[in-house]
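Reviewing the structure listed below.
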Amino acid sequence: MAPILWLLLLLAPGLAMSECTTQPPGSLPHQQPTSKSGTFTVDYENECFSKDGSCFRYISGSIHYFRIPRIYWKDRLQKMYMAGLNTIQMYIAWNYHETTPGEYDFSNAKDIVYFLSLAQEIGLFVILRPGPYICAEWDLGGLPAWLLQNSTISLRSSDPDYLAAVDRWFAVLLPKMKPLLYQNGGPIISFQVENEYGSYFTCDYDYLRHLREVMRKFLGEDVLLFTTDGNQLQDLYCGTLQRLYSTVDFGTTDDVSSSFRIQRQFEPEGPLVNSEFYVGWLDYWGVEHSVVPIENATGMLEEMLLLGASVNMYMFEGGTNFGYWNGADYNTKYRPITTSYDYNAPLSEAGDPTQKFYALRDVISKFRAVPVGPVPPATVKFAYGAVPLTKYGALLDFLNVLSPRGPVNSTYPLTFEQMQQYYGFMLYRTKLPQTIEKVLPLMPELNGVHDRGYVLVNGVFQGVLERDNVHLVNITGSKGDSLDIVVENMGRINFGSCLMDLKGLIRNLTLASTILTNWSMFPLAIDDVIENGWPHSVQQEDVNSMAQGPAFYYGTFESQMAQDTYVRLQGWAKGQIWINGFNLGRYWPERGPQETLYVPKNILNENSPNNVTVLELERGPAKPSVVFQDHAILTAKR
């Protein structure tokens, strides 16, 4: 079907829905808009964006500064530019910058002004998505976990407590962004208001109005504000608002014509926009690595570009969920997201151009001139080989080091949020109230372990309680024995109606029918002590113990020249790994699909040994070692 005829079919009348609609459709384009220099607006008459008075179509890709080492920001942006993109799209993760209320960090790897200046230097415009909620498969969708200390707060709504926190954050963030607006000589051409709000249950138009007015207050009346929602009518009903341009997102399994027809219900005139065209997809632990076939991505991209649509490809490079930053989804059960955010994207987790990169570049070249010259090559990867590790000892043996503040005592267990232990691990300790000669079930009420609990009696590992999967562990013991549960926060839910995702023992634990009381909670500052050199700074002989349960291992290796690499933990069960005090993230080879973790060269030493620290949570191998290799393994099936 000819593109003009297709567009005529799309221009269906809008829906009468108060602030969720626009004016009735007008005519098809006949003339070029006129506008002053330094402007970026929507030209409704000519069905396009208008930049400096001329129609403009963006071909964009998503990239997340918070998932990529700072030393590689320029490399990744240059590759995106060489792919033929003229724009990038990026989120700002609130929780990444305000980990403690009122304390803001925009330095080093969090220097977003520098990242945006690099994009402009390279020749890329920027579509900014500041949230406050971003989803992004990031912990709590970018919202700070400290918000959950308020048990009555209503996230993503006009709840006064929530809005007060948002207003304080935006009062810090948005003034930093204003000088970078296109109107002010910067690269930012538009701002998204919230993110896919129509798929959230609150449907609070006052909330969207408030965000709109706050952005106008700090950014001015001329900046283009827009919304993004799924390609279903019900998503746009609650996600759109007057004076915010409505866009949709969809992937290769959807139909282009019907998806854009949904947008036309809310924007009868103006540019067609797919704000998140899914050229890849995310991975969950225990699920096969996601792959979007190249021909599906290229075919749909070309179809949309033939229609004159503006398109943002999500993700163009995914990167890595270093540390504890991964999010989780919840449909019928809790599904944590892997450390790798490779996303089967055109640029790999390590920023290397893939076959998909070159195939999409070929499509783009049919619609705009791509830059001349070679694409920056893949970074060098080096296989440093096997590194033997020494077992340092059980986690419970080092509470004086790992929990310097000591325990907090409570009749009933407290959550991570109540303890202000927002990430990582916490130890819950009580005593057995009776002697158990025949096994009795230890069970959380109402699935109340969030997310995995490693159970020990008098230091002996008994098993794992896992949210939505393992609801009891049978134990024995004597009255007065120490019952310890090391609870791991596996990442907060980032999408849907379950954002109030408290961590730890969020309900009582019972032994058969007896509710256990008199708990001591030890917040574990594992990252702080490892960053300060522990356990390498106090080395000891191998404890030579095959006991199971949470335990630390350590070792060193030399790298005369620091290069990117991947570490594989074959034979290990599940845990966390640090290199030179940097938290690489979670490993879980028993669950897959990820079997290697990306190690960027900036965390390696060239003139001194590299420290490797592993916290194995279940059982380490008989001969503990890790292997540094020159390629990733993301495809293992379980």
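Here's how to read the names in the structure tokens: chain A, B, ... by the order shown, residue numbers from 1 in each chain, ligand numbers from 1 in the order shown.
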
Secondary structure check, helix (DSSP H, G or I) residues of segment 349-550 of chain A, as JSON, numbers by chain: {"A": [355, 356, 357, 358, 359, 360, 361, 362, 363, 364, 395, 396, 397, 398, 399, 400, 401, 402, 445, 446, 447, 526, 527, 528, 529, 530, 531, 536, 537, 538]}

Contacts of Phe218 of chain A at 12 Å (only C-alpha atoms; same-chain gap of 4+ positions) as a PyMOL selection string: chain A and resi 167+169-179+181+211-214+222-223

Non-local contacts of Met546 of chain A (9 Å; only C-alpha atoms; under 6 positions in same chain excluded) as a list in words: Arg619, Gly620, Pro621 and Ala622 of chain A

Nearest candidate to Ile127 of chain A (options A:Asn108, A:Ser258, A:Ser62, A:Ser403; using only C-alpha atoms):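 Under the stated criterion, the closest residue is A:Ser62.
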
Strand (DSSP E) positions in segment 530-625 of chain A, given as a PyMOL selection string: chain A and resi 551-557+565-568+575-579+582-587+596-599+610-616+625

Suppose we keep N, CA and C atoms; can you now write the selection as a compact mmCIF listing (two decimals), in the first residue's frame?
# COMPACT_ATOMS: atom_id res chain seq x y z
N ALA A 551 29.63 -17.91 52.26
CA ALA A 551 31.05 -17.89 52.61
C ALA A 551 31.82 -17.04 51.61
N PHE A 552 32.95 -16.51 52.08
CA PHE A 552 33.80 -15.66 51.24
C PHE A 552 35.01 -16.43 50.73
N TYR A 553 35.39 -16.09 49.50
CA TYR A 553 36.59 -16.62 48.84
C TYR A 553 37.36 -15.43 48.28
N TYR A 554 38.68 -15.62 48.18
CA TYR A 554 39.47 -14.52 47.65
C TYR A 554 40.70 -15.04 46.92
N GLY A 555 41.24 -14.19 46.05
CA GLY A 555 42.43 -14.52 45.28
C GLY A 555 42.92 -13.29 44.54
N THR A 556 44.03 -13.44 43.82
CA THR A 556 44.59 -12.31 43.06
C THR A 556 45.08 -12.80 41.70
N PHE A 557 45.21 -11.85 40.76
CA PHE A 557 45.85 -12.15 39.49
C PHE A 557 46.50 -10.88 38.97
N THR A 565 37.52 -7.94 29.84
CA THR A 565 37.51 -9.40 29.92
C THR A 565 36.15 -9.84 30.46
N TYR A 566 35.96 -11.13 30.56
CA TYR A 566 34.74 -11.71 31.14
C TYR A 566 35.17 -12.74 32.17
N VAL A 567 34.49 -12.78 33.30
CA VAL A 567 34.80 -13.76 34.33
C VAL A 567 33.69 -14.81 34.36
N ARG A 568 34.13 -16.07 34.38
CA ARG A 568 33.19 -17.19 34.41
C ARG A 568 33.34 -17.93 35.74
N GLY A 575 25.91 -16.21 43.79
CA GLY A 575 26.54 -15.26 44.69
C GLY A 575 26.84 -13.93 44.05
N GLN A 576 27.83 -13.26 44.63
CA GLN A 576 28.22 -11.91 44.22
C GLN A 576 29.74 -11.90 44.07
N ILE A 577 30.25 -11.10 43.10
CA ILE A 577 31.68 -11.04 42.88
C ILE A 577 32.15 -9.60 42.78
N TRP A 578 33.29 -9.31 43.41
CA TRP A 578 33.92 -8.00 43.38
C TRP A 578 35.32 -8.14 42.80
N ILE A 579 35.78 -7.14 42.06
CA ILE A 579 37.16 -7.07 41.60
C ILE A 579 37.71 -5.71 42.01
N PHE A 582 35.25 -3.32 43.37
CA PHE A 582 34.12 -2.94 42.53
C PHE A 582 33.16 -4.11 42.43
N ASN A 583 31.88 -3.86 42.73
CA ASN A 583 30.87 -4.91 42.71
C ASN A 583 30.41 -5.14 41.27
N LEU A 584 30.90 -6.24 40.67
CA LEU A 584 30.53 -6.57 39.29
C LEU A 584 29.05 -6.93 39.19
N GLY A 585 28.52 -7.63 40.17
CA GLY A 585 27.12 -8.03 40.12
C GLY A 585 26.91 -9.45 40.58
N ARG A 586 25.73 -9.96 40.29
CA ARG A 586 25.32 -11.30 40.72
C ARG A 586 25.74 -12.34 39.69
N TYR A 587 26.12 -13.50 40.16
CA TYR A 587 26.29 -14.64 39.27
C TYR A 587 25.34 -15.73 39.74
N THR A 596 28.76 -15.64 32.29
CA THR A 596 29.94 -14.79 32.46
C THR A 596 29.50 -13.40 32.87
N LEU A 597 30.38 -12.68 33.54
CA LEU A 597 30.14 -11.29 33.88
C LEU A 597 31.16 -10.42 33.16
N TYR A 598 30.68 -9.33 32.61
CA TYR A 598 31.55 -8.40 31.89
C TYR A 598 32.42 -7.64 32.88
N VAL A 599 33.73 -7.59 32.58
CA VAL A 599 34.70 -6.89 33.41
C VAL A 599 35.33 -5.78 32.58
N ASN A 610 45.42 -7.70 41.13
CA ASN A 610 43.97 -7.48 41.14
C ASN A 610 43.33 -8.41 42.16
N ASN A 611 42.57 -7.82 43.06
CA ASN A 611 41.89 -8.59 44.09
C ASN A 611 40.54 -9.10 43.60
N VAL A 612 40.30 -10.39 43.76
CA VAL A 612 39.03 -11.01 43.43
C VAL A 612 38.39 -11.48 44.73
N THR A 613 37.15 -11.07 44.97
CA THR A 613 36.41 -11.48 46.17
C THR A 613 35.07 -12.06 45.73
N VAL A 614 34.75 -13.23 46.24
CA VAL A 614 33.51 -13.89 45.90
C VAL A 614 32.74 -14.20 47.18
N LEU A 615 31.46 -13.84 47.17
CA LEU A 615 30.55 -14.29 48.23
C LEU A 615 29.66 -15.37 47.61
N GLU A 616 29.99 -16.62 47.90
CA GLU A 616 29.16 -17.74 47.45
C GLU A 616 28.11 -17.99 48.52
N SER A 625 37.92 -21.73 41.86
CA SER A 625 38.66 -20.86 40.95
C SER A 625 37.65 -20.15 40.05

Among the residues A:Gly581, A:Val375, A:Ile364, A:Gln434, the one that comes closest to Leu347 of chain A [using only C-alpha atoms]: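 With only C-alpha atoms as the atom set, the closest residue is A:Val375.
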
10 Å contact set for Cys498 of chain A, only C-alpha atoms, chain neighbours under 2 positions out, as a VMD selection string: chain A and resid 140 200 to 201 329 to 331 492 to 496 500 to 502

Limited to N, CA, C and O atoms, could you put the picked residues into a file as a CSV table (one decimal), in the first residue's frame?
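Written file, result_3.csv:
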chain,number,residue,atom,x,y,z
A,140,LEU,N,13.5,-0.7,41.3
A,140,LEU,CA,12.3,0.1,41.6
A,140,LEU,C,12.0,1.2,40.5
A,140,LEU,O,11.5,2.2,40.8
A,200,TYR,N,0.0,1.9,34.5
A,200,TYR,CA,0.1,1.9,36.0
A,200,TYR,C,-1.4,2.1,36.5
A,200,TYR,O,-2.2,2.8,35.9
A,201,PHE,N,-1.7,1.5,37.6
A,201,PHE,CA,-3.1,1.4,38.0
A,201,PHE,C,-3.7,2.7,38.6
A,201,PHE,O,-4.9,2.8,38.7
A,329,ASP,N,10.6,-8.1,37.4
A,329,ASP,CA,9.2,-8.1,37.0
A,329,ASP,C,8.3,-9.0,37.8
A,329,ASP,O,8.9,-9.9,38.5
A,330,TYR,N,7.1,-8.7,37.8
A,330,TYR,CA,6.1,-9.6,38.5
A,330,TYR,C,4.9,-9.8,37.7
A,330,TYR,O,4.1,-8.8,37.5
A,331,ASN,N,4.6,-11.0,37.2
A,331,ASN,CA,3.3,-11.3,36.6
A,331,ASN,C,2.6,-12.2,37.6
A,331,ASN,O,2.0,-11.8,38.5
A,492,ARG,N,14.4,-4.8,43.2
A,492,ARG,CA,13.0,-4.5,43.4
A,492,ARG,C,12.3,-4.5,42.0
A,492,ARG,O,12.8,-4.2,41.0
A,493,ILE,N,11.0,-4.7,42.1
A,493,ILE,CA,10.1,-4.8,41.0
A,493,ILE,C,10.1,-3.4,40.3
A,493,ILE,O,10.0,-2.4,41.0
A,494,ASN,N,10.3,-3.3,39.0
A,494,ASN,CA,10.4,-2.1,38.3
A,494,ASN,C,9.2,-1.7,37.4
A,494,ASN,O,9.2,-0.7,36.8
A,495,PHE,N,8.2,-2.6,37.3
A,495,PHE,CA,7.1,-2.4,36.4
A,495,PHE,C,5.9,-3.0,37.0
A,495,PHE,O,5.9,-4.0,37.6
A,496,GLY,N,4.7,-2.3,36.7
A,496,GLY,CA,3.5,-2.9,37.1
A,496,GLY,C,2.9,-2.3,38.4
A,496,GLY,O,3.4,-1.3,38.9
A,500,MET,N,5.6,-1.3,45.5
A,500,MET,CA,5.9,-1.3,46.9
A,500,MET,C,6.5,-2.6,47.3
A,500,MET,O,5.9,-3.4,48.1
A,501,ASP,N,7.7,-2.9,46.8
A,501,ASP,CA,8.4,-4.1,46.9
A,501,ASP,C,9.4,-4.1,48.1
A,501,ASP,O,10.5,-3.9,47.9
A,502,LEU,N,8.8,-4.3,49.3
A,502,LEU,CA,9.7,-4.3,50.5
A,502,LEU,C,10.6,-5.6,50.5
A,502,LEU,O,10.2,-6.6,49.9
